[in-house]
Structure formats: structure tokens, C-alpha cells
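Raw entry.cif, mmCIF, C-alpha atoms:
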data_structure
#
loop_
_atom_site.group_PDB
_atom_site.id
_atom_site.type_symbol
_atom_site.label_atom_id
_atom_site.label_comp_id
_atom_site.auth_asym_id
_atom_site.auth_seq_id
_atom_site.Cartn_x
_atom_site.Cartn_y
_atom_site.Cartn_z
ATOM 1 C CA MET A 1 -19.392 -31.743 -22.589
ATOM 2 C CA SER A 2 -20.620 -30.437 -25.934
ATOM 3 C CA VAL A 3 -18.505 -28.410 -28.301
ATOM 4 C CA HIS A 4 -20.108 -25.525 -30.168
ATOM 5 C CA LYS A 5 -18.590 -24.259 -33.341
ATOM 6 C CA HIS A 6 -19.475 -20.800 -34.553
ATOM 7 C CA PHE A 7 -19.186 -19.808 -38.141
ATOM 8 C CA VAL A 8 -18.994 -16.271 -39.430
ATOM 9 C CA ARG A 9 -20.199 -15.728 -42.936
ATOM 10 C CA ASP A 10 -18.796 -12.745 -44.814
ATOM 11 C CA VAL A 11 -21.849 -11.190 -46.436
ATOM 12 C CA ASP A 12 -21.496 -8.121 -48.612
ATOM 13 C CA THR A 13 -25.068 -6.844 -48.898
ATOM 14 C CA LEU A 14 -24.026 -4.034 -51.224
ATOM 15 C CA ALA A 15 -22.722 -6.604 -53.706
ATOM 16 C CA SER A 16 -26.284 -7.795 -54.295
ATOM 17 C CA GLU A 17 -27.804 -4.299 -54.442
ATOM 18 C CA THR A 18 -27.738 -1.700 -57.183
ATOM 19 C CA CYS A 19 -28.053 2.077 -57.277
ATOM 20 C CA VAL A 20 -29.519 4.477 -59.754
ATOM 21 C CA SER A 21 -28.766 8.189 -59.671
ATOM 22 C CA GLY A 22 -29.425 11.208 -61.798
ATOM 23 C CA GLU A 23 -30.440 14.818 -62.007
ATOM 24 C CA ILE A 24 -33.754 16.225 -63.171
ATOM 25 C CA ASP A 25 -33.939 19.738 -64.610
ATOM 26 C CA THR A 26 -37.469 20.921 -63.815
ATOM 27 C CA GLY A 27 -37.038 23.658 -66.417
ATOM 28 C CA THR A 28 -37.063 21.080 -69.221
ATOM 29 C CA ALA A 29 -38.716 17.979 -67.668
ATOM 30 C CA THR A 30 -42.407 17.513 -66.902
ATOM 31 C CA SER A 31 -43.531 16.023 -63.584
ATOM 32 C CA PRO A 32 -43.623 13.092 -62.898
ATOM 33 C CA VAL A 33 -40.428 11.454 -64.197
ATOM 34 C CA THR A 34 -39.941 7.672 -64.083
ATOM 35 C CA VAL A 35 -36.410 7.130 -62.758
ATOM 36 C CA LEU A 36 -36.356 3.363 -62.180
ATOM 37 C CA THR A 37 -38.211 0.426 -63.740
ATOM 38 C CA PRO A 38 -37.772 -3.240 -62.733
ATOM 39 C CA SER A 39 -37.137 -6.068 -65.153
ATOM 40 C CA SER A 40 -40.355 -7.662 -66.407
ATOM 41 C CA GLY A 41 -41.997 -9.799 -63.710
ATOM 42 C CA TYR A 42 -39.893 -8.328 -60.869
ATOM 43 C CA LYS A 43 -40.416 -5.862 -58.012
ATOM 44 C CA LEU A 44 -38.140 -3.091 -56.791
ATOM 45 C CA ASP A 45 -37.154 -3.530 -53.136
ATOM 46 C CA THR A 46 -35.728 -0.148 -52.107
ATOM 47 C CA ARG A 47 -32.990 0.050 -49.463
ATOM 48 C CA SER A 48 -32.211 3.788 -49.321
ATOM 49 C CA VAL A 49 -33.328 7.030 -50.944
ATOM 50 C CA TYR A 50 -31.530 10.367 -51.224
ATOM 51 C CA LEU A 51 -33.179 13.473 -52.669
ATOM 52 C CA ALA A 52 -31.630 16.948 -52.956
ATOM 53 C CA THR A 53 -32.655 20.168 -54.686
ATOM 54 C CA ASP A 54 -31.646 23.781 -55.135
ATOM 55 C CA SER A 55 -35.299 24.895 -54.963
ATOM 56 C CA THR A 56 -36.465 27.072 -52.059
ATOM 57 C CA ALA A 57 -40.178 26.383 -52.610
ATOM 58 C CA GLY A 58 -42.559 23.538 -53.398
ATOM 59 C CA GLU A 59 -42.496 19.799 -52.741
ATOM 60 C CA ILE A 60 -40.592 16.875 -54.278
ATOM 61 C CA THR A 61 -41.688 13.257 -53.869
ATOM 62 C CA ALA A 62 -40.202 9.857 -54.751
ATOM 63 C CA SER A 63 -42.811 7.105 -54.790
ATOM 64 C CA PHE A 64 -44.250 3.908 -56.185
ATOM 65 C CA PRO A 65 -47.237 5.578 -57.892
ATOM 66 C CA THR A 66 -49.455 2.534 -58.536
ATOM 67 C CA SER A 67 -49.357 1.205 -54.967
ATOM 68 C CA ASN A 68 -49.169 4.772 -53.616
ATOM 69 C CA LYS A 69 -46.100 4.001 -51.455
ATOM 70 C CA LEU A 70 -44.072 7.072 -50.519
ATOM 71 C CA LEU A 71 -40.283 6.599 -50.560
ATOM 72 C CA GLY A 72 -39.222 10.125 -49.657
ATOM 73 C CA LYS A 73 -40.382 13.744 -49.723
ATOM 74 C CA ILE A 74 -38.809 17.191 -49.467
ATOM 75 C CA TYR A 75 -40.683 20.292 -48.328
ATOM 76 C CA CYS A 76 -38.344 22.690 -50.106
ATOM 77 C CA SER A 77 -39.167 25.791 -48.037
ATOM 78 C CA LYS A 78 -37.747 23.970 -44.986
ATOM 79 C CA PHE A 79 -35.266 21.405 -46.319
ATOM 80 C CA THR A 80 -33.087 21.049 -49.421
ATOM 81 C CA MET A 81 -32.301 17.348 -49.022
ATOM 82 C CA VAL A 82 -33.434 14.154 -47.341
ATOM 83 C CA THR A 83 -31.521 10.922 -46.743
ATOM 84 C CA LEU A 84 -33.506 7.813 -45.831
ATOM 85 C CA ARG A 85 -31.062 5.041 -45.008
ATOM 86 C CA ASP A 86 -31.927 1.514 -44.029
ATOM 87 C CA ILE A 87 -35.472 1.621 -45.373
ATOM 88 C CA ARG A 88 -37.140 -1.278 -47.101
ATOM 89 C CA ILE A 89 -40.167 -0.439 -49.180
ATOM 90 C CA THR A 90 -41.190 -2.836 -51.938
ATOM 91 C CA GLY A 91 -43.281 -1.861 -54.931
ATOM 92 C CA GLY A 92 -45.651 -4.046 -56.882
ATOM 93 C CA THR A 93 -44.647 -6.360 -59.714
ATOM 94 C CA ASN A 94 -43.466 -4.271 -62.706
ATOM 95 C CA GLU A 95 -44.016 -1.038 -60.711
ATOM 96 C CA SER A 96 -41.616 1.821 -61.413
ATOM 97 C CA VAL A 97 -40.321 4.576 -59.133
ATOM 98 C CA GLN A 98 -41.326 8.117 -60.039
ATOM 99 C CA ILE A 99 -40.127 11.491 -58.864
ATOM 100 C CA SER A 100 -42.718 14.247 -58.950
ATOM 101 C CA TRP A 101 -42.665 17.901 -57.968
ATOM 102 C CA SER A 102 -44.943 20.890 -57.667
ATOM 103 C CA GLY A 103 -44.449 24.556 -56.842
ATOM 104 C CA THR A 104 -40.656 24.416 -57.165
ATOM 105 C CA ASP A 105 -38.552 27.364 -58.284
ATOM 106 C CA THR A 106 -38.368 27.871 -62.048
ATOM 107 C CA GLY A 107 -35.612 25.689 -63.478
ATOM 108 C CA ALA A 108 -34.885 23.954 -60.155
ATOM 109 C CA LYS A 109 -32.669 20.872 -60.195
ATOM 110 C CA ILE A 110 -33.413 17.606 -58.373
ATOM 111 C CA PHE A 111 -30.638 15.102 -57.635
ATOM 112 C CA TYR A 112 -31.543 11.560 -56.556
ATOM 113 C CA VAL A 113 -29.895 8.285 -55.558
ATOM 114 C CA ILE A 114 -31.947 5.140 -54.944
ATOM 115 C CA ARG A 115 -30.407 1.872 -53.700
ATOM 116 C CA TYR A 116 -32.469 -1.231 -54.449
ATOM 117 C CA LYS A 117 -32.673 -4.931 -55.274
ATOM 118 C CA GLU A 118 -34.898 -6.613 -57.817
ATOM 119 C CA VAL A 119 -36.987 -9.389 -56.265
ATOM 120 C CA GLN A 120 -39.737 -11.700 -57.470
#

Please re-express this file's structure in C-alpha cells.
Amino acid sequence: MSVHKHFVRDVDTLASETCVSGEIDTGTATSPVTVLTPSSGYKLDTRSVYLATDSTAGEITASFPTSNKLLGKIYCSKFTMVTLRDIRITGGTNESVQISWSGTDTGAKIFYVIRYKEVQ
């Protein structure tokens, strides 16, 4: 008779991930805004994206602009926020994340939170 031993490893995935957050004032900032840049030679591996706004018009997008990978988008006439949990979208080496907007209300605010890891 064989004996099987099972091991449980306590893994805290959040301990190896980082978040960036901030607010963009579209009344003073110009679209697009770079909100996250990896260390030289690394890629950003996104794990979740949250976007919110007080605008009632226009569109707001978070993306990797060089590889044209969309991380999240709000159609402000229908929604004021979007939460994308448990996603995994990886940008190119040295590729930043940008938030862009068009047609938003004058002086609208955009709040964002992006959870990510840096990978090679």
C-alpha cells in the first residue's frame, strides 16, 4: 500500500503584485496620459483594472498603446465605472500603460487603479 503525502503551500499572490492608482483632471491634463511605465527591460503583466469617472459623455480607455492591447474602456453615457478583475494582459518590453479620453465633460475626473507585476 502506498502512502501519499499532500503539501499545501501558502501563496500570497498579492505580495508579488503591485498597484498604481491616481486621478486625472481632464480640465488640466491632455490625452493621453502615461500612468505606468515598467523598469527598463521589463514588461507589465496586468492583473486587474478599475476605471471610474464623473463624466456623462465620451469614452475613456486604458491600454498598451504600442501593441494596441485594450485593458479597459468606459462608454460614459452608459457607465461611470468598470472593474476588470482576474485579467492578465501583458504589454511589450518597456511598454507603458496610457489612459486616453475623448468627448468627456469639461473638467471631468478619471480615477484609476491598475494591479500588475513586472516580468521579463

Closest-contact table, stretch 14-81 of chain A side, partner stretch 96-104 of chain A, 6 Å, counting all atoms listed in the file, as a Markdown table:
| residue | atom | partner | partner_atom | distance |
| --- | --- | --- | --- | --- |
| A:Ser31 | CA | A:Ser100 | CA | 5.0 |
| A:Pro32 | CA | A:Ser100 | CA | 4.2 |
| A:Val33 | CA | A:Ile99 | CA | 5.3 |
| A:Thr34 | CA | A:Gln98 | CA | 4.3 |
| A:Val35 | CA | A:Gln98 | CA | 5.7 |
| A:Leu36 | CA | A:Val97 | CA | 5.1 |
| A:Thr37 | CA | A:Ser96 | CA | 4.4 |
| A:Ser55 | CA | A:Thr104 | CA | 5.8 |
| A:Ala57 | CA | A:Thr104 | CA | 5.0 |
| A:Gly58 | CA | A:Gly103 | CA | 4.1 |
| A:Glu59 | CA | A:Trp101 | CA | 5.6 |
| A:Ile60 | CA | A:Trp101 | CA | 4.4 |
| A:Thr61 | CA | A:Ser100 | CA | 5.3 |
| A:Ala62 | CA | A:Ile99 | CA | 4.4 |
| A:Ser63 | CA | A:Gln98 | CA | 5.5 |
| A:Phe64 | CA | A:Val97 | CA | 5.0 |

Would you kindly translate the PyMOL selection byres ((chain A and resi 16-27) around 6) into the concrete residues it picks from this file, as a list in words?
-> Thr13, Leu14, Ala15, Thr28, Ala29, Gly107, Ala108, Lys109, Ile110, Phe111, Tyr112, Val113, Ile114, Arg115, Tyr116 and Lys117 of chain A

Close residues, A:Ser40 itself excluded, 9 Å, only C-alpha atoms, min 3 positions apart in chain, as a PDB file with C-alpha atoms, in the coordinates of the input:
ATOM      1  CA  THR A  37     -38.211   0.426 -63.740  1.00  0.00           C
ATOM      2  CA  LYS A  43     -40.416  -5.862 -58.012  1.00  0.00           C
ATOM      3  CA  THR A  93     -44.647  -6.360 -59.714  1.00  0.00           C
ATOM      4  CA  ASN A  94     -43.466  -4.271 -62.706  1.00  0.00           C
TER       5      ASN A  94
END

Spatial neighbours of A:Ile87, 10 Å, only C-alpha atoms, chain gap at least 4 places, as a PyMOL selection string = chain A and resi 45-49+71+115-116

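Here the question is which of A:Asp86, A:Asp54, A:Ser39, A:Phe79 gets nearest to A:Asp105 using only C-alpha atoms, and that residue is A:Asp54.
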
Please indicate the distance in Å from atom CA of A:Met81 to atom CA of A:Tyr42, rounded to one decimal place.
->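 So the two atoms, atom CA of A:Met81 and atom CA of A:Tyr42, lie 29.3 Å apart.
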
Could you state the separation of atom CA of A:Asn68 and atom CA of A:Thr106 in Å, given to one decimal place?
-> 26.9 Å

Step by step, gather every atom of stretch 72-81 of chain A that the file lists, find the box along x, y and z that holds them, add 5 Å on each side, and finally give centre and edge lengths in Å to one decimal, as JSON.
{"center_x": -36.5, "center_y": 18.0, "center_z": -47.5, "size_x": 18.4, "size_y": 25.7, "size_z": 15.1}

From the list A:Thr66, A:Thr53, A:Gly91, A:Thr30, which residue is nearest A:Lys78 when using all atoms listed in the file?
->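 Looking only at the distances to A:Lys78, the closest residue turns out to be A:Thr53.
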
Atom CA of A:Gln120 sits from atom CA of A:Tyr50 at a separation of 24.4 Å
